[in-house]
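Okay, so here's the structure we're looking at.
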Amino acid sequence: MSTSASARAVALAETDPVAAGLGYKADATKVDAKKYPTYVSGRQCAGCQLYAGKPADATAPCAIFSGKLVSGKGWCTAWAKKA
Ligand code: SF4
């Protein structure tokens with residue numbers, strides 16, 4: 001395998017416009033469940049279909065946030081259960 005994208009990518013900031021639009025939080029427990037009723041406690045990036053890493057990885061690329069790394073413990077409104 002060549003150098004992984006994750007080695008070069010930077011962490012996604014919650015203040016990133018796209019991240020903010022999707023309610024991304026690097027710590028899913030900080031998600032405002034009133035503002036984001038689709039959030040279900042326990043859901044996090046590591047269990048999301050779009051998380052391009054192993055569930056145990058602390059951070060990994062996400063299909064939505066090209067070139068950035070999301071936190072395995074994070075969450076956003078685009079969360080989709082890993083098949
Ligand atoms: S799409 Fe999934 S992996 Fe990407 S930030 Fe949202 S919850 Fe995390």
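Chain labels follow the order of the structure tokens: the first chain is A, the next B, and so on; residue numbering restarts at 1 in every chain, and ligands are counted from 1 in their shown order.
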Site check for ligand 1: residues at most 6 Å away, only C-alpha atoms and all ligand atoms, as an MDAnalysis selection string: chainID A and resid 44:45 48 50:51 62 64 70 74:76 78:79
Mind writing the picked residues with C-alpha atoms as a compact mmCIF listing (two decimals), in the first residue's frame?
```
# COMPACT_ATOMS: atom_id res chain seq x y z
CA GLN A 44 -20.13 7.74 16.14
CA CYS A 45 -17.94 8.04 13.06
CA CYS A 48 -20.39 5.05 10.08
CA LEU A 50 -18.45 6.74 5.37
CA TYR A 51 -15.62 6.30 7.88
CA CYS A 62 -14.47 10.49 5.66
CA ILE A 64 -17.81 13.65 2.83
CA VAL A 70 -12.64 12.91 11.24
CA GLY A 74 -17.17 12.09 16.22
CA TRP A 75 -20.56 12.37 14.57
CA CYS A 76 -22.40 14.37 11.92
CA ALA A 78 -24.73 12.32 7.45
CA TRP A 79 -24.08 9.35 9.74
```
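Among the candidates A:Ser41, A:Thr77, A:Ser66, A:Ser71, the one nearest to A:Gly53 when counting only C-alpha atoms is A:Ser71.
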Which of A:Lys82, A:Lys73, A:Arg43, A:Lys35 sits closest to A:Ala56 [using only C-alpha atoms]: A:Lys73
Atom CA of A:Ala58 to atom CA of A:Lys81, distance in Å rounded to a single decimal: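 Separation of atom CA of A:Ala58 and atom CA of A:Lys81: 18.1 Å.
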Contacts of A:Pro55 at 8 Å (only C-alpha atoms; same-chain gap of 5+ positions) as a list in words: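 Residues near the query, excluding close chain neighbours: Ala46, Gly47 and Gly72 of chain A.
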With N, CA and C atoms retained, could you export that selection as a compact mmCIF listing (two decimals), in the first residue's frame?
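Writing the result to out_18.txt gives the following:
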```txt
# COMPACT_ATOMS: atom_id res chain seq x y z
N ALA A 46 -16.81 6.06 13.91
CA ALA A 46 -16.18 4.75 13.79
C ALA A 46 -17.18 3.69 13.32
N GLY A 47 -18.46 3.93 13.54
CA GLY A 47 -19.47 2.97 13.12
C GLY A 47 -20.25 3.45 11.90
N GLY A 72 -12.87 9.24 15.20
CA GLY A 72 -13.66 8.01 15.33
C GLY A 72 -14.79 8.16 16.33
```
Those in chain A with strand (DSSP E) from DSSP, as a list in words: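 Matching residues, listed in order: Val10, Ala11, Thr59, Ala60, Pro61, Lys68, Leu69, Val70 and Ser71 of chain A.
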Filtered DSSP result for chain A, state alpha helix (DSSP H), as a count of residues only: 9
Near A:Pro61, counting only C-alpha atoms, which residues have an atom at most 6 Å away, once you skip same-chain residues fewer than 3 positions from it, shown as an mmCIF file with N, CA and C atoms, in the first residue's frame?
```
data_model
loop_
_atom_site.group_PDB
_atom_site.id
_atom_site.type_symbol
_atom_site.label_atom_id
_atom_site.label_comp_id
_atom_site.auth_asym_id
_atom_site.auth_seq_id
_atom_site.Cartn_x
_atom_site.Cartn_y
_atom_site.Cartn_z
ATOM 1 N N ALA A 52 -13.614 5.971 6.554
ATOM 2 C CA ALA A 52 -12.660 5.189 5.778
ATOM 3 C C ALA A 52 -11.485 4.734 6.629
ATOM 4 N N LYS A 68 -9.650 15.562 4.754
ATOM 5 C CA LYS A 68 -9.634 15.822 6.194
ATOM 6 C C LYS A 68 -9.828 14.509 6.949
ATOM 7 N N LEU A 69 -9.436 14.538 8.202
ATOM 8 C CA LEU A 69 -9.620 13.371 9.055
ATOM 9 C C LEU A 69 -10.705 13.664 10.072
#
```
Two-atom distance - atom CA of A:Asp57, atom CA of A:Pro37 (Å): 26.5 Å
Applying 8 Å and only C-alpha atoms, which residues near A:Ala19 remain after dropping the ones on its own chain fewer than 5 positions away? List them as a PDB file with N, CA and C atoms, in the first residue's frame.
```
ATOM      1  N   LEU A  12     -10.303  17.446  10.720  1.00  0.00           N
ATOM      2  CA  LEU A  12     -11.436  18.297  10.354  1.00  0.00           C
ATOM      3  C   LEU A  12     -11.809  19.175  11.544  1.00  0.00           C
ATOM      4  N   ALA A  13     -11.929  20.481  11.288  1.00  0.00           N
ATOM      5  CA  ALA A  13     -12.331  21.406  12.347  1.00  0.00           C
ATOM      6  C   ALA A  13     -13.853  21.499  12.392  1.00  0.00           C
ATOM      7  N   GLU A  14     -14.392  21.578  13.584  1.00  0.00           N
ATOM      8  CA  GLU A  14     -15.848  21.719  13.729  1.00  0.00           C
ATOM      9  C   GLU A  14     -16.326  23.021  13.103  1.00  0.00           C
ATOM     10  N   TYR A  24     -21.139  18.565  12.617  1.00  0.00           N
ATOM     11  CA  TYR A  24     -20.049  17.679  13.033  1.00  0.00           C
ATOM     12  C   TYR A  24     -19.477  18.068  14.392  1.00  0.00           C
ATOM     13  N   PHE A  65     -15.829  14.593   3.830  1.00  0.00           N
ATOM     14  CA  PHE A  65     -14.845  15.646   4.074  1.00  0.00           C
ATOM     15  C   PHE A  65     -13.516  15.281   3.435  1.00  0.00           C
ATOM     16  N   CYS A  76     -21.759  13.299  12.679  1.00  0.00           N
ATOM     17  CA  CYS A  76     -22.400  14.374  11.924  1.00  0.00           C
ATOM     18  C   CYS A  76     -23.732  13.849  11.406  1.00  0.00           C
TER      19      CYS A  76
END
```
